[in-house]
Amino acid sequence: MDKTKNVLIVEDLPSHAELAEREILKVLPEAIFEVVDNKENYINALTTFKPDLIVSDYQMPTFDGLAALTIRNETIPDVPFIVLTGSVNEEVAVTCLKNGADDYVIKEHIKRLGQAILNAINKKLIEDERKLIEDQLKLVSAAVEQSPVAIMIADKAGDLVYVNPAFEEYTGYTFDEAIGENPRFLKSGYTSPKEYKALWETISSGEQWSGEFKNKRKDGTFFWESATIGPIRRGSGEISHYLAVKEDITERRKMILELMLREEKYRTLTHNLNIGVYRNGVGDNGKFIEGNPAFLKILGLRNKKEFDLYRVVDFYPDPKIKTAIEKKLADQGFILNEELQFRRKDGELFYASVSITAVTNEDGKIVFYDGIIEDITEKKAVQDNIIIQRNEMEALNNQLIDMEEESKRELALALHDGLGQYLSLAKLKIAELKKEMPIEDENKLLNEVLENVQNAIDESRNLTYELNPPMLNEFGLIPTIEWKADIVAKQNNLKVEIIDRTEGFILDDKYYVCLYRAISEVFQNVVKHSKAKEIKVTFLVQDKSYTIEIFDNGTGFDFQTVRTKAIKEKKFGIYSIMERMRYLGGNFDIDTGSNKGTKAIITLPV
């Protein structure tokens with residue numbers, strides 16, 4: 001009752017409200033009051049004041065008790081409502097009570113208000129308790145009815161008085177078929193009479209019994225169930241019924257048997273594997289728990305008994321390696337194909353590839369490690385030899401690149417200083433001879449010779465520029481590329497745009513020739529294959545790198561397909577660029593795809 005504090009009084013006369021408050025405080029000394037005299041304030045008070053009790057005058061100028069009672073019924077029907085009026089009309093009293101009022105008090109007998117309030121509050125408490133019990137019973141009933149496990153209740157004689165729907169599903173027997181029957185009608189003959197006798201002795205003595213049964217369904221099929229059976233007692237402590245909770249574990253037992261078979265197969269398989277499979281404990285003193293024959297051989301152990309003689313850390317040449325591995329396992333839960341160095345029992349060092357999984361308990365704590373180990377000492381030696389040979393081949397390739405460039409420079413010099421000079425001298429001599437030859441036919445012949453010599457001079461000059469453009473040393477890379485781009489644009493009806501965003505950065509001239517070759521090769525590929533109408537070359541310095549981006553708006557291509565085809569047909573243009581850039585310590589990438597154009601990206605460290 002102490003919880004009833006907020007009392008809403010609906011009264012238009014302040015003196016009457018004060019009398020009501022005085023009587024209410026006699027039974028509710030901690031009450032807090034709010035008085036309203038119209039509908040609007042009353043409705044507002046129901047949500048803001050949140051009354052625990054409403055005392056309302058029956059008749060007011062603009063509002064009345066029946067209207068207030070109706071609003072209460074629609075909004076907060078559980079709050080007690082008492083009508084307080086000056087009328088002694090029994091019809092009014094009946095109307096109020098019929099409409100849901102908890103009591104009716106005449107103002108002349110206002111001293112009865114306190115008792116009426118107590119009665120109303122007690123009535124509400126009883127009603128709340130009844131609803132709570134009903135809700136709990138409904139909840140328990142729903143839980144039993146909807147439970148996925150079978151629930152049976154039998155009387156003291158052992159005859160069934162209740163089974164839930166799960167029982168019907170498990171056994172195939174309906175509720176009506178099961179009620180009144182003894183559970184023995186489910187017997188399969190698998191459980192012995194001695195075991196049933198022990199069961200009844202246990203539950204009859206008031207104890208709980210747990211175990212498993214192999215029973216028979218209505219259709220004759222067998223099933224396994226896990227059962228817990230115990231007594232239900234009356235308030236006096238006397239056993240009145242027995243409750244059985246059963247779960248069909250047929251599939252679970254089947255899974256367990258399958259797991260046992262799989263485990264046996266797993267043990268057989270791991271025993272015959274030629275790679276090591278093992279399990280070991282955690283921490284500095286962790287030891288090996290299991291290991292197949294291949295694992296024993298890898299570590300140089302003779303048998304599993306030797307596991308107990310060594311810690312896992314004893315097989316690491318440096319304990320810090322083991323610490324680092326365990327930290328990685330704690331962080332990510334596994335490692336995959338990690339190459340580590342170990343030590344056999346006799347001290348011999350060897351390399352192995354290991355994959356390890358951290359196995360945890362329910363609390364997430366690592367309890368042991370499962371691993372696979374393969375001795376790769378010989379394989380690693382072969383790989384190291386391959387790497388050495390590859391490095392030697394790369395060094396030889398780099399020497400060939402240098403020799404190629406030097407040969408091109410020498411050939412260009414020979415063309416320019418040798419053949420070019422001779423052709424120029426021949427051109428001069430023919431021009432002089434032409435002046436001394438007045439005969440028109442002979443003059444025509446000299447013109448043809450002169451034209452051929454001029455073509456040879458032009459071709460020699462072009463070859464010289466392609467082999468080793470003099471502009472590279474005289475003007476630098478970007479002006480030379482602009483000259484080359486102008487030639488490509490005119491010869492192929494393309495728009496070629498050169499953008500310099502290097503902000504005056506001067507690139508080391510040792511890169512000039514290789515970059516010129518690479519960009520020229522890209523130009524050639526664009527012209528031959530892309531069907532592009534525009535090429536944009538951007539030079540920029542960013543992230544400590546000198547970058548050249550060459551974009552064309554052509555058809556694009558599948559890079560891997562083209563690369564595979566080029567290798568097959570021994571066309572190494574792009575591959576040659578990649579090798580040249582790698583030789584300089586840089587990189588060459590291609591971003592392309594069907595119908596999206598192509599961007600070639602050359603990057604050099606600066």
# chains A, B, ... in the order shown; residues from 1 in each chain; ligands from 1
>>> residues_around(residues="Gly172 of chain A", least_positions_apart="5", cutoff="9 Å", atoms="only C-alpha atoms", output="ChimeraX atom specification")
/A:167,217-219
>>> residues_around(residues="Pro80 of chain A", least_positions_apart="5", cutoff="12 Å", atoms="only C-alpha atoms", output="PyMOL selection string")
chain A and resi 4+6-8+51-56+69+72-73+97+100-104+116-125+127-128
>>> write_last_selection(atoms="N, CA and C atoms", output="compact mmCIF listing (two decimals), in the first residue's frame")
# COMPACT_ATOMS: atom_id res chain seq x y z
N THR A 4 1.14 3.36 -3.20
CA THR A 4 0.10 4.25 -3.69
C THR A 4 0.33 5.65 -3.14
N ASN A 6 0.44 8.83 -5.59
CA ASN A 6 -0.16 9.88 -6.42
C ASN A 6 -1.68 9.71 -6.47
N VAL A 7 -2.37 10.65 -5.86
CA VAL A 7 -3.84 10.59 -5.80
C VAL A 7 -4.39 11.77 -6.60
N LEU A 8 -5.20 11.46 -7.61
CA LEU A 8 -5.83 12.49 -8.44
C LEU A 8 -7.26 12.70 -7.94
N PRO A 51 -1.54 9.02 -11.89
CA PRO A 51 -2.11 8.72 -10.57
C PRO A 51 -2.11 7.22 -10.27
N ASP A 52 -1.96 6.90 -8.96
CA ASP A 52 -2.12 5.53 -8.48
C ASP A 52 -3.54 5.29 -7.99
N LEU A 53 -4.31 6.40 -7.81
CA LEU A 53 -5.68 6.32 -7.31
C LEU A 53 -6.44 7.56 -7.79
N ILE A 54 -7.73 7.37 -8.18
CA ILE A 54 -8.56 8.50 -8.62
C ILE A 54 -9.80 8.57 -7.73
N VAL A 55 -10.03 9.75 -7.15
CA VAL A 55 -11.24 10.01 -6.37
C VAL A 55 -11.98 11.13 -7.09
N SER A 56 -13.20 10.86 -7.56
CA SER A 56 -13.91 11.83 -8.41
C SER A 56 -15.30 12.16 -7.87
N LEU A 69 -14.84 8.34 -15.30
CA LEU A 69 -14.70 6.89 -15.18
C LEU A 69 -14.52 6.25 -16.56
N ARG A 72 -11.04 6.83 -17.72
CA ARG A 72 -10.13 5.94 -16.98
C ARG A 72 -10.15 4.54 -17.59
N ASN A 73 -11.37 4.04 -17.87
CA ASN A 73 -11.51 2.70 -18.43
C ASN A 73 -10.76 2.55 -19.75
N LEU A 97 -20.88 1.59 -10.16
CA LEU A 97 -20.24 0.29 -9.94
C LEU A 97 -20.31 -0.56 -11.21
N GLY A 100 -17.61 0.23 -13.67
CA GLY A 100 -16.23 -0.09 -13.33
C GLY A 100 -15.65 0.63 -12.15
N ALA A 101 -16.46 1.45 -11.43
CA ALA A 101 -15.94 2.11 -10.23
C ALA A 101 -15.67 1.07 -9.16
N ASP A 102 -14.62 1.30 -8.37
CA ASP A 102 -14.28 0.35 -7.31
C ASP A 102 -15.15 0.54 -6.07
N ASP A 103 -15.67 1.75 -5.85
CA ASP A 103 -16.55 1.99 -4.70
C ASP A 103 -17.29 3.31 -4.91
N TYR A 104 -18.27 3.55 -4.00
CA TYR A 104 -19.16 4.72 -4.09
C TYR A 104 -19.31 5.25 -2.67
N ALA A 116 -12.79 2.75 2.09
CA ALA A 116 -13.08 2.45 0.69
C ALA A 116 -11.79 2.42 -0.14
N ILE A 117 -10.88 3.35 0.19
CA ILE A 117 -9.60 3.38 -0.53
C ILE A 117 -8.79 2.13 -0.24
N LEU A 118 -8.74 1.74 1.06
CA LEU A 118 -8.00 0.53 1.42
C LEU A 118 -8.57 -0.70 0.73
N ASN A 119 -9.91 -0.76 0.70
CA ASN A 119 -10.54 -1.90 0.03
C ASN A 119 -10.19 -1.93 -1.46
N ALA A 120 -10.22 -0.74 -2.08
CA ALA A 120 -9.92 -0.67 -3.51
C ALA A 120 -8.48 -1.06 -3.81
N ILE A 121 -7.58 -0.60 -2.92
CA ILE A 121 -6.16 -0.92 -3.12
C ILE A 121 -5.92 -2.41 -2.92
N ASN A 122 -6.54 -2.98 -1.86
CA ASN A 122 -6.40 -4.42 -1.63
C ASN A 122 -6.95 -5.23 -2.79
N LYS A 123 -8.07 -4.75 -3.29
CA LYS A 123 -8.69 -5.42 -4.44
C LYS A 123 -7.73 -5.40 -5.64
N LYS A 124 -7.07 -4.24 -5.86
CA LYS A 124 -6.11 -4.13 -6.97
C LYS A 124 -4.92 -5.05 -6.76
N LEU A 125 -4.41 -5.11 -5.52
CA LEU A 125 -3.27 -5.99 -5.24
C LEU A 125 -3.62 -7.45 -5.50
N GLU A 127 -5.97 -8.53 -7.48
CA GLU A 127 -6.18 -8.70 -8.91
C GLU A 127 -4.83 -8.77 -9.65
N ASP A 128 -3.87 -7.90 -9.22
CA ASP A 128 -2.54 -7.93 -9.85
C ASP A 128 -1.86 -9.27 -9.61
>>> residues_around(residues="segment 472-477 of chain A", least_positions_apart="6", cutoff="9 Å", atoms="only C-alpha atoms", output="list of chain:residue names")
A:Ile506, A:Leu507, A:Asp509, A:Tyr511, A:Tyr512, A:Val513, A:Leu515, A:Tyr516
>>> atom_distance(atom1="atom CA of Pro183 of chain A", atom2="atom CA of Arg233 of chain A")
20.2 Å
>>> closest_residue(among="A:Trp200, A:Tyr58, A:Phe63, A:Phe368", to="Asp37 of chain A", atoms="only C-alpha atoms")
A:Phe63
>>> select_by_dssp(residues="segment 264-333 of chain A", states="strand (DSSP E)", output="compact mmCIF listing (two decimals) with C-alpha atoms, in the first residue's frame")
# COMPACT_ATOMS: atom_id res chain seq x y z
CA GLY A 276 54.24 -34.56 -39.68
CA VAL A 277 50.97 -34.06 -37.78
CA TYR A 278 51.17 -33.19 -34.09
CA ARG A 279 49.56 -31.59 -31.05
CA ASN A 280 51.49 -29.81 -28.31
CA PHE A 288 54.14 -32.72 -27.33
CA ILE A 289 50.87 -34.54 -26.74
CA GLU A 290 50.49 -36.47 -30.00
CA GLY A 291 52.47 -36.99 -33.17
>>> residues_around(residues="segment 535-543 of chain A", least_positions_apart="3", cutoff="9 Å", atoms="only C-alpha atoms", output="number ranges by chain")
A: 478, 494-503, 505, 523, 526, 532, 546-554, 606
>>> write_last_selection(atoms="C-alpha atoms", output="PDB file, in the first residue's frame")
ATOM      1  CA  ILE A 478      60.675  15.695 -71.798  1.00  0.00           C
ATOM      2  CA  LEU A 494      46.620  11.140 -83.474  1.00  0.00           C
ATOM      3  CA  LYS A 495      46.340  13.807 -80.824  1.00  0.00           C
ATOM      4  CA  VAL A 496      49.292  13.458 -78.432  1.00  0.00           C
ATOM      5  CA  GLU A 497      49.383  15.701 -75.352  1.00  0.00           C
ATOM      6  CA  ILE A 498      52.463  16.056 -73.118  1.00  0.00           C
ATOM      7  CA  ILE A 499      51.869  17.367 -69.562  1.00  0.00           C
ATOM      8  CA  ASP A 500      54.834  18.328 -67.367  1.00  0.00           C
ATOM      9  CA  ARG A 501      54.023  18.431 -63.622  1.00  0.00           C
ATOM     10  CA  THR A 502      57.536  17.801 -62.368  1.00  0.00           C
ATOM     11  CA  GLU A 503      57.826  21.437 -61.185  1.00  0.00           C
ATOM     12  CA  PHE A 505      62.653  18.525 -61.075  1.00  0.00           C
ATOM     13  CA  PHE A 523      53.643   4.608 -78.413  1.00  0.00           C
ATOM     14  CA  VAL A 526      49.142   2.144 -79.009  1.00  0.00           C
ATOM     15  CA  ALA A 532      43.102   5.154 -80.012  1.00  0.00           C
ATOM     16  CA  TYR A 546      59.314  10.029 -60.601  1.00  0.00           C
ATOM     17  CA  THR A 547      56.191   8.855 -62.397  1.00  0.00           C
ATOM     18  CA  ILE A 548      55.232   8.794 -66.065  1.00  0.00           C
ATOM     19  CA  GLU A 549      51.589   7.999 -66.898  1.00  0.00           C
ATOM     20  CA  ILE A 550      50.738   7.208 -70.535  1.00  0.00           C
ATOM     21  CA  PHE A 551      46.988   7.010 -71.172  1.00  0.00           C
ATOM     22  CA  ASP A 552      45.228   6.196 -74.440  1.00  0.00           C
ATOM     23  CA  ASN A 553      41.481   6.143 -75.122  1.00  0.00           C
ATOM     24  CA  GLY A 554      41.653   2.980 -77.204  1.00  0.00           C
ATOM     25  CA  VAL A 606      64.165   9.621 -56.703  1.00  0.00           C
TER      26      VAL A 606
END
>>> select_by_dssp(residues="segment 340-388 of chain A", states="helix (DSSP H, G or I)", output="list of chain:residue names")
A:Thr377, A:Glu378, A:Lys379, A:Lys380, A:Ala381, A:Val382, A:Gln383, A:Asp384, A:Asn385, A:Ile386, A:Ile387, A:Ile388
>>> write_last_selection(atoms="C-alpha atoms", output="PDB file, in the first residue's frame")
ATOM      1  CA  THR A 377      65.559 -28.505 -46.092  1.00  0.00           C
ATOM      2  CA  GLU A 378      66.335 -30.073 -49.471  1.00  0.00           C
ATOM      3  CA  LYS A 379      63.558 -28.188 -51.227  1.00  0.00           C
ATOM      4  CA  LYS A 380      64.824 -24.908 -49.758  1.00  0.00           C
ATOM      5  CA  ALA A 381      68.372 -25.690 -50.900  1.00  0.00           C
ATOM      6  CA  VAL A 382      67.054 -26.202 -54.440  1.00  0.00           C
ATOM      7  CA  GLN A 383      65.032 -22.990 -54.221  1.00  0.00           C
ATOM      8  CA  ASP A 384      68.045 -21.058 -52.933  1.00  0.00           C
ATOM      9  CA  ASN A 385      70.074 -22.401 -55.844  1.00  0.00           C
ATOM     10  CA  ILE A 386      67.330 -21.344 -58.272  1.00  0.00           C
ATOM     11  CA  ILE A 387      67.309 -17.865 -56.722  1.00  0.00           C
ATOM     12  CA  ILE A 388      71.102 -17.615 -57.092  1.00  0.00           C
TER      13      ILE A 388
END
>>> residues_around(residues="Phe213 of chain A", least_positions_apart="4", cutoff="10 Å", atoms="only C-alpha atoms", output="ChimeraX atom specification")
/A:186-191,223-227,246,248-249
>>> residues_around(residues="Lys304 of chain A", least_positions_apart="2", cutoff="12 Å", atoms="only C-alpha atoms", output="short mmCIF file (atom, residue, chain, number, x, y, z; two decimals) with N, CA and C atoms, in the first residue's frame")
data_model
loop_
_atom_site.label_atom_id
_atom_site.label_comp_id
_atom_site.auth_asym_id
_atom_site.auth_seq_id
_atom_site.Cartn_x
_atom_site.Cartn_y
_atom_site.Cartn_z
N TYR A 278 50.90 -33.14 -35.53
CA TYR A 278 51.17 -33.19 -34.09
C TYR A 278 50.24 -32.28 -33.30
N LYS A 287 54.76 -29.50 -23.74
CA LYS A 287 55.33 -30.70 -24.36
C LYS A 287 54.42 -31.20 -25.48
N PHE A 288 54.94 -32.13 -26.27
CA PHE A 288 54.14 -32.72 -27.33
C PHE A 288 53.16 -33.71 -26.74
N ILE A 289 51.93 -33.66 -27.24
CA ILE A 289 50.87 -34.54 -26.74
C ILE A 289 50.67 -35.72 -27.69
N GLU A 290 50.66 -35.43 -28.98
CA GLU A 290 50.49 -36.47 -30.00
C GLU A 290 51.39 -36.16 -31.18
N GLY A 291 51.70 -37.19 -31.96
CA GLY A 291 52.47 -36.99 -33.17
C GLY A 291 52.50 -38.28 -33.99
N ASN A 292 52.36 -38.15 -35.31
CA ASN A 292 52.38 -39.34 -36.15
C ASN A 292 53.82 -39.77 -36.44
N PRO A 293 54.02 -40.96 -37.03
CA PRO A 293 55.38 -41.45 -37.29
C PRO A 293 56.25 -40.48 -38.09
N ALA A 294 55.64 -39.81 -39.09
CA ALA A 294 56.43 -38.86 -39.90
C ALA A 294 56.95 -37.73 -39.03
N PHE A 295 56.15 -37.30 -38.05
CA PHE A 295 56.58 -36.23 -37.16
C PHE A 295 57.76 -36.68 -36.30
N LEU A 296 57.65 -37.92 -35.78
CA LEU A 296 58.74 -38.46 -34.97
C LEU A 296 60.04 -38.51 -35.79
N LYS A 297 59.92 -38.91 -37.04
CA LYS A 297 61.10 -39.03 -37.90
C LYS A 297 61.72 -37.66 -38.16
N LEU A 299 61.74 -34.99 -36.28
CA LEU A 299 62.45 -34.50 -35.11
C LEU A 299 63.54 -35.45 -34.63
N GLY A 300 63.64 -36.63 -35.24
CA GLY A 300 64.66 -37.58 -34.85
C GLY A 300 64.33 -38.33 -33.57
N LEU A 301 63.01 -38.42 -33.27
CA LEU A 301 62.58 -39.15 -32.07
C LEU A 301 62.30 -40.60 -32.44
N ARG A 302 62.60 -41.50 -31.53
CA ARG A 302 62.42 -42.92 -31.81
C ARG A 302 60.99 -43.38 -31.56
N GLU A 306 59.49 -40.63 -25.96
CA GLU A 306 60.48 -39.56 -25.91
C GLU A 306 59.83 -38.17 -25.84
N PHE A 307 58.51 -38.10 -26.15
CA PHE A 307 57.80 -36.83 -26.01
C PHE A 307 57.99 -36.25 -24.60
N ASP A 308 57.93 -37.13 -23.62
CA ASP A 308 57.98 -36.68 -22.23
C ASP A 308 59.37 -36.21 -21.82
N LEU A 309 60.37 -36.51 -22.63
CA LEU A 309 61.74 -36.14 -22.27
C LEU A 309 62.11 -34.74 -22.76
N TYR A 310 61.31 -34.19 -23.69
CA TYR A 310 61.65 -32.91 -24.29
C TYR A 310 60.48 -31.94 -24.20
#
